[in-house]
Amino acid sequence: IEMVQLGQDKPFFDAHGMKLEMDKWTFPLHFIDFETSAVAIPFNKGRKPYEGIAFQFSHHTVSKDGVIEHVGEYLNTERGIFPNYDFVRQLKLQLEKDEGTIFRYAPHENTYLNLIYRQLLADESEIPDKDELCEFIKSITNSVSSSVEKWKGPRAMVDMWDLVKKFYYSPLTKGSNSIKA
């Protein structure tokens, strides 16, 4: 806002502020991205209209020496299967191997994991690892504002969108912070 108000026509990067943030990170760095859906007519019996479905994620890492790897993914391709719990199981398996910092871009991943947390709590069927899945979700997320239960996970995902808003400005973005723009 300040850059626009001042009419700045050159990019700005707060390297010092960003360095202070980066000093808090633990390698390897994990970058996750979710693909989700919320359809009017549920795919599964017992689900609600517009209830969130998490069906795919990708997982990349950056090691301390700068090596970038595609280390994992999940894609539900089975028809008739409610994928959310297996989605979290696979995410947990991939992220529990170390204590590296986890990154997302924008609130989407945090919001969906909170949704799945609520789905797990409300599900009355037998889910043998329900408590483990809930604890994992709470460990890498922050509760959403609408949540009755409040938490801030010890390994809560870092939002790269927040980093962009805090430390970078370019007039070429025309005021957008969208990664797509």
# chains A, B, ... in the order shown; residues from 1 in each chain; ligands from 1
call {"tool": "select_by_dssp", "arguments": {"residues": "chain A", "states": "alpha helix (DSSP H)", "output": "PyMOL selection string"}}
result
chain A and resi 2-5+15-22+84-95+108-122+130-140+160-167
call {"tool": "closest_atom_pairs", "arguments": {"of": "segment 88-175 of chain A", "to": "segment 60-71 of chain A", "cutoff": "10 Å", "atoms": "only C-alpha atoms", "output": "Markdown table"}}
result
| residue | atom | partner | partner_atom | distance |
| --- | --- | --- | --- | --- |
| A:Gln94 | CA | A:Val71 | CA | 8.3 |
| A:Gly100 | CA | A:Thr61 | CA | 9.2 |
| A:Thr101 | CA | A:Thr61 | CA | 9.8 |
| A:Ile102 | CA | A:Thr61 | CA | 9.1 |
| A:Phe103 | CA | A:Thr61 | CA | 9.8 |
call {"tool": "write_last_selection", "arguments": {"atoms": "C-alpha atoms", "output": "PDB file, in the first residue's frame"}}
result
ATOM      1  CA  GLN A  94       5.528 -37.954   3.686  1.00  0.00           C
ATOM      2  CA  GLY A 100      11.595 -29.599   8.008  1.00  0.00           C
ATOM      3  CA  THR A 101       9.581 -26.419   7.571  1.00  0.00           C
ATOM      4  CA  ILE A 102       6.411 -26.824   5.492  1.00  0.00           C
ATOM      5  CA  PHE A 103       5.240 -24.180   3.007  1.00  0.00           C
TER       6      PHE A 103
END
call {"tool": "residues_around", "arguments": {"residues": "segment 134-138 of chain A", "least_positions_apart": "2", "cutoff": "8 Å", "atoms": "only C-alpha atoms", "output": "list in words"}}
result
Val88, Lys92, Leu113, Asn114, Tyr117, Leu120, Lys130, Asp131, Glu132, Ile140, Thr141, Asn142, Ser143, Trp151, Lys152 and Gly153 of chain A
call {"tool": "write_last_selection", "arguments": {"atoms": "N, CA and C atoms", "output": "mmCIF file, in the first residue's frame"}}
result
data_model
loop_
_atom_site.group_PDB
_atom_site.id
_atom_site.type_symbol
_atom_site.label_atom_id
_atom_site.label_comp_id
_atom_site.auth_asym_id
_atom_site.auth_seq_id
_atom_site.Cartn_x
_atom_site.Cartn_y
_atom_site.Cartn_z
ATOM 1 N N VAL A 88 -4.905 -37.426 4.070
ATOM 2 C CA VAL A 88 -4.148 -36.993 5.250
ATOM 3 C C VAL A 88 -3.146 -38.065 5.665
ATOM 4 N N LYS A 92 0.750 -37.260 5.951
ATOM 5 C CA LYS A 92 1.444 -37.537 7.216
ATOM 6 C C LYS A 92 2.673 -38.408 6.970
ATOM 7 N N LEU A 113 -7.243 -28.674 5.608
ATOM 8 C CA LEU A 113 -6.867 -29.578 6.690
ATOM 9 C C LEU A 113 -7.751 -29.351 7.913
ATOM 10 N N ASN A 114 -8.136 -28.120 8.179
ATOM 11 C CA ASN A 114 -9.098 -27.845 9.262
ATOM 12 C C ASN A 114 -10.438 -28.498 8.955
ATOM 13 N N TYR A 117 -10.126 -32.162 9.581
ATOM 14 C CA TYR A 117 -10.100 -32.352 11.036
ATOM 15 C C TYR A 117 -11.531 -32.410 11.578
ATOM 16 N N LEU A 120 -13.250 -35.632 10.514
ATOM 17 C CA LEU A 120 -12.808 -36.756 11.347
ATOM 18 C C LEU A 120 -13.514 -36.766 12.695
ATOM 19 N N LYS A 130 -7.845 -42.319 13.850
ATOM 20 C CA LYS A 130 -8.491 -40.999 13.918
ATOM 21 C C LYS A 130 -7.712 -40.019 14.802
ATOM 22 N N ASP A 131 -7.336 -40.435 16.002
ATOM 23 C CA ASP A 131 -6.616 -39.544 16.920
ATOM 24 C C ASP A 131 -5.268 -39.114 16.347
ATOM 25 N N GLU A 132 -4.542 -40.060 15.745
ATOM 26 C CA GLU A 132 -3.248 -39.737 15.136
ATOM 27 C C GLU A 132 -3.404 -38.724 14.002
ATOM 28 N N ILE A 140 0.481 -29.275 12.113
ATOM 29 C CA ILE A 140 0.999 -28.525 10.957
ATOM 30 C C ILE A 140 0.090 -27.376 10.519
ATOM 31 N N THR A 141 -0.963 -27.115 11.295
ATOM 32 C CA THR A 141 -1.907 -26.056 10.930
ATOM 33 C C THR A 141 -2.127 -25.095 12.092
ATOM 34 N N ASN A 142 -2.864 -24.058 11.797
ATOM 35 C CA ASN A 142 -3.448 -23.180 12.811
ATOM 36 C C ASN A 142 -4.952 -23.322 12.679
ATOM 37 N N SER A 143 -5.661 -23.226 13.778
ATOM 38 C CA SER A 143 -7.113 -23.295 13.703
ATOM 39 C C SER A 143 -7.628 -22.114 12.891
ATOM 40 N N TRP A 151 -5.921 -23.508 18.141
ATOM 41 C CA TRP A 151 -4.568 -24.046 18.234
ATOM 42 C C TRP A 151 -3.647 -23.356 17.241
ATOM 43 N N LYS A 152 -2.375 -23.478 17.516
ATOM 44 C CA LYS A 152 -1.315 -23.057 16.607
ATOM 45 C C LYS A 152 -0.296 -24.180 16.629
ATOM 46 N N GLY A 153 -0.225 -24.918 15.541
ATOM 47 C CA GLY A 153 0.638 -26.085 15.485
ATOM 48 C C GLY A 153 2.105 -25.737 15.619
#
call {"tool": "select_by_dssp", "arguments": {"residues": "segment 60-171 of chain A", "states": "strand (DSSP E or B)", "output": "list in words"}}
result
His60, Thr61, Val62, Ile68, Glu69, His70, Val71, Gly72, Glu73, Tyr74, Leu75, Ile102, Phe103, Arg104, Asn142, Lys152, Val158, Asp159, Tyr168 and Tyr169 of chain A
call {"tool": "decode", "arguments": {"residues": "segment 129-163 of chain A", "atoms": "N, CA, C and O atoms", "output": "tab-separated table (two decimals), in the first residue's frame"}}
result
chain	number	residue	atom	x	y	z
A	129	ASP	N	-7.10	-44.85	13.16
A	129	ASP	CA	-6.04	-43.87	13.39
A	129	ASP	C	-6.58	-42.44	13.49
A	129	ASP	O	-5.84	-41.48	13.26
A	130	LYS	N	-7.84	-42.32	13.85
A	130	LYS	CA	-8.49	-41.00	13.92
A	130	LYS	C	-7.71	-40.02	14.80
A	130	LYS	O	-7.45	-38.88	14.39
A	131	ASP	N	-7.34	-40.44	16.00
A	131	ASP	CA	-6.62	-39.54	16.92
A	131	ASP	C	-5.27	-39.11	16.35
A	131	ASP	O	-4.88	-37.95	16.44
A	132	GLU	N	-4.54	-40.06	15.75
A	132	GLU	CA	-3.25	-39.74	15.14
A	132	GLU	C	-3.40	-38.72	14.00
A	132	GLU	O	-2.60	-37.79	13.88
A	133	LEU	N	-4.41	-38.94	13.17
A	133	LEU	CA	-4.64	-38.03	12.04
A	133	LEU	C	-5.00	-36.63	12.54
A	133	LEU	O	-4.50	-35.62	12.02
A	134	CYS	N	-5.85	-36.57	13.56
A	134	CYS	CA	-6.24	-35.27	14.13
A	134	CYS	C	-5.03	-34.55	14.73
A	134	CYS	O	-4.84	-33.34	14.53
A	135	GLU	N	-4.21	-35.28	15.47
A	135	GLU	CA	-3.02	-34.67	16.07
A	135	GLU	C	-2.04	-34.19	15.01
A	135	GLU	O	-1.43	-33.13	15.15
A	136	PHE	N	-1.88	-34.97	13.95
A	136	PHE	CA	-1.01	-34.55	12.85
A	136	PHE	C	-1.52	-33.26	12.23
A	136	PHE	O	-0.75	-32.31	12.02
A	137	ILE	N	-2.82	-33.21	11.94
A	137	ILE	CA	-3.39	-31.99	11.34
A	137	ILE	C	-3.13	-30.80	12.24
A	137	ILE	O	-2.68	-29.74	11.78
A	138	LYS	N	-3.40	-30.96	13.54
A	138	LYS	CA	-3.18	-29.84	14.46
A	138	LYS	C	-1.70	-29.44	14.56
A	138	LYS	O	-1.39	-28.29	14.81
A	139	SER	N	-0.80	-30.38	14.32
A	139	SER	CA	0.62	-30.07	14.44
A	139	SER	C	1.15	-29.22	13.29
A	139	SER	O	2.14	-28.52	13.45
A	140	ILE	N	0.48	-29.28	12.11
A	140	ILE	CA	1.00	-28.52	10.96
A	140	ILE	C	0.09	-27.38	10.52
A	140	ILE	O	0.34	-26.76	9.49
A	141	THR	N	-0.96	-27.11	11.30
A	141	THR	CA	-1.91	-26.06	10.93
A	141	THR	C	-2.13	-25.09	12.09
A	141	THR	O	-1.68	-25.34	13.21
A	142	ASN	N	-2.86	-24.06	11.80
A	142	ASN	CA	-3.45	-23.18	12.81
A	142	ASN	C	-4.95	-23.32	12.68
A	142	ASN	O	-5.47	-23.51	11.57
A	143	SER	N	-5.66	-23.23	13.78
A	143	SER	CA	-7.11	-23.29	13.70
A	143	SER	C	-7.63	-22.11	12.89
A	143	SER	O	-7.02	-21.05	12.87
A	144	VAL	N	-8.74	-22.33	12.21
A	144	VAL	CA	-9.36	-21.25	11.45
A	144	VAL	C	-10.21	-20.41	12.40
A	144	VAL	O	-10.58	-20.87	13.49
A	145	SER	N	-10.53	-19.19	12.01
A	145	SER	CA	-11.23	-18.26	12.90
A	145	SER	C	-12.59	-18.80	13.35
A	145	SER	O	-13.04	-18.51	14.45
A	146	SER	N	-13.25	-19.61	12.51
A	146	SER	CA	-14.58	-20.14	12.87
A	146	SER	C	-14.51	-21.34	13.80
A	146	SER	O	-15.54	-21.81	14.28
A	147	SER	N	-13.32	-21.83	14.09
A	147	SER	CA	-13.17	-23.02	14.92
A	147	SER	C	-13.44	-22.70	16.39
A	147	SER	O	-12.97	-21.70	16.93
A	148	VAL	N	-14.19	-23.58	17.05
A	148	VAL	CA	-14.43	-23.45	18.48
A	148	VAL	C	-13.13	-23.75	19.23
A	148	VAL	O	-12.75	-23.04	20.15
A	149	GLU	N	-12.45	-24.79	18.79
A	149	GLU	CA	-11.17	-25.18	19.38
A	149	GLU	C	-10.07	-24.35	18.71
A	149	GLU	O	-10.01	-24.26	17.49
A	150	LYS	N	-9.21	-23.75	19.51
A	150	LYS	CA	-8.13	-22.90	18.98
A	150	LYS	C	-6.78	-23.58	19.16
A	150	LYS	O	-6.52	-24.16	20.21
A	151	TRP	N	-5.92	-23.51	18.14
A	151	TRP	CA	-4.57	-24.05	18.23
A	151	TRP	C	-3.65	-23.36	17.24
A	151	TRP	O	-4.08	-22.76	16.28
A	152	LYS	N	-2.37	-23.48	17.52
A	152	LYS	CA	-1.31	-23.06	16.61
A	152	LYS	C	-0.30	-24.18	16.63
A	152	LYS	O	0.38	-24.40	17.64
A	153	GLY	N	-0.23	-24.92	15.54
A	153	GLY	CA	0.64	-26.08	15.49
A	153	GLY	C	2.11	-25.74	15.62
A	153	GLY	O	2.56	-24.72	15.09
A	154	PRO	N	2.85	-26.57	16.33
A	154	PRO	CA	4.28	-26.31	16.51
A	154	PRO	C	5.06	-26.33	15.19
A	154	PRO	O	6.12	-25.74	15.08
A	155	ARG	N	4.50	-26.98	14.18
A	155	ARG	CA	5.13	-27.05	12.87
A	155	ARG	C	4.19	-26.47	11.81
A	155	ARG	O	4.18	-26.90	10.66
A	156	ALA	N	3.42	-25.47	12.21
A	156	ALA	CA	2.41	-24.88	11.32
A	156	ALA	C	3.05	-24.42	10.02
A	156	ALA	O	4.14	-23.85	10.00
A	157	MET	N	2.35	-24.68	8.92
A	157	MET	CA	2.84	-24.32	7.60
A	157	MET	C	3.11	-22.82	7.50
A	157	MET	O	2.35	-22.01	8.02
A	158	VAL	N	4.17	-22.48	6.79
A	158	VAL	CA	4.50	-21.08	6.51
A	158	VAL	C	3.78	-20.70	5.23
A	158	VAL	O	3.85	-21.42	4.22
A	159	ASP	N	3.09	-19.58	5.26
A	159	ASP	CA	2.35	-19.12	4.10
A	159	ASP	C	3.23	-18.20	3.25
A	159	ASP	O	3.56	-17.09	3.66
A	160	MET	N	3.61	-18.69	2.08
A	160	MET	CA	4.47	-17.89	1.19
A	160	MET	C	3.76	-16.62	0.71
A	160	MET	O	4.41	-15.62	0.40
A	161	TRP	N	2.44	-16.64	0.66
A	161	TRP	CA	1.67	-15.46	0.28
A	161	TRP	C	1.92	-14.34	1.29
A	161	TRP	O	2.11	-13.19	0.92
A	162	ASP	N	1.95	-14.70	2.59
A	162	ASP	CA	2.26	-13.71	3.62
A	162	ASP	C	3.67	-13.16	3.44
A	162	ASP	O	3.91	-11.97	3.65
A	163	LEU	N	4.61	-14.04	3.07
A	163	LEU	CA	5.99	-13.58	2.85
A	163	LEU	C	6.05	-12.57	1.70
A	163	LEU	O	6.74	-11.56	1.80
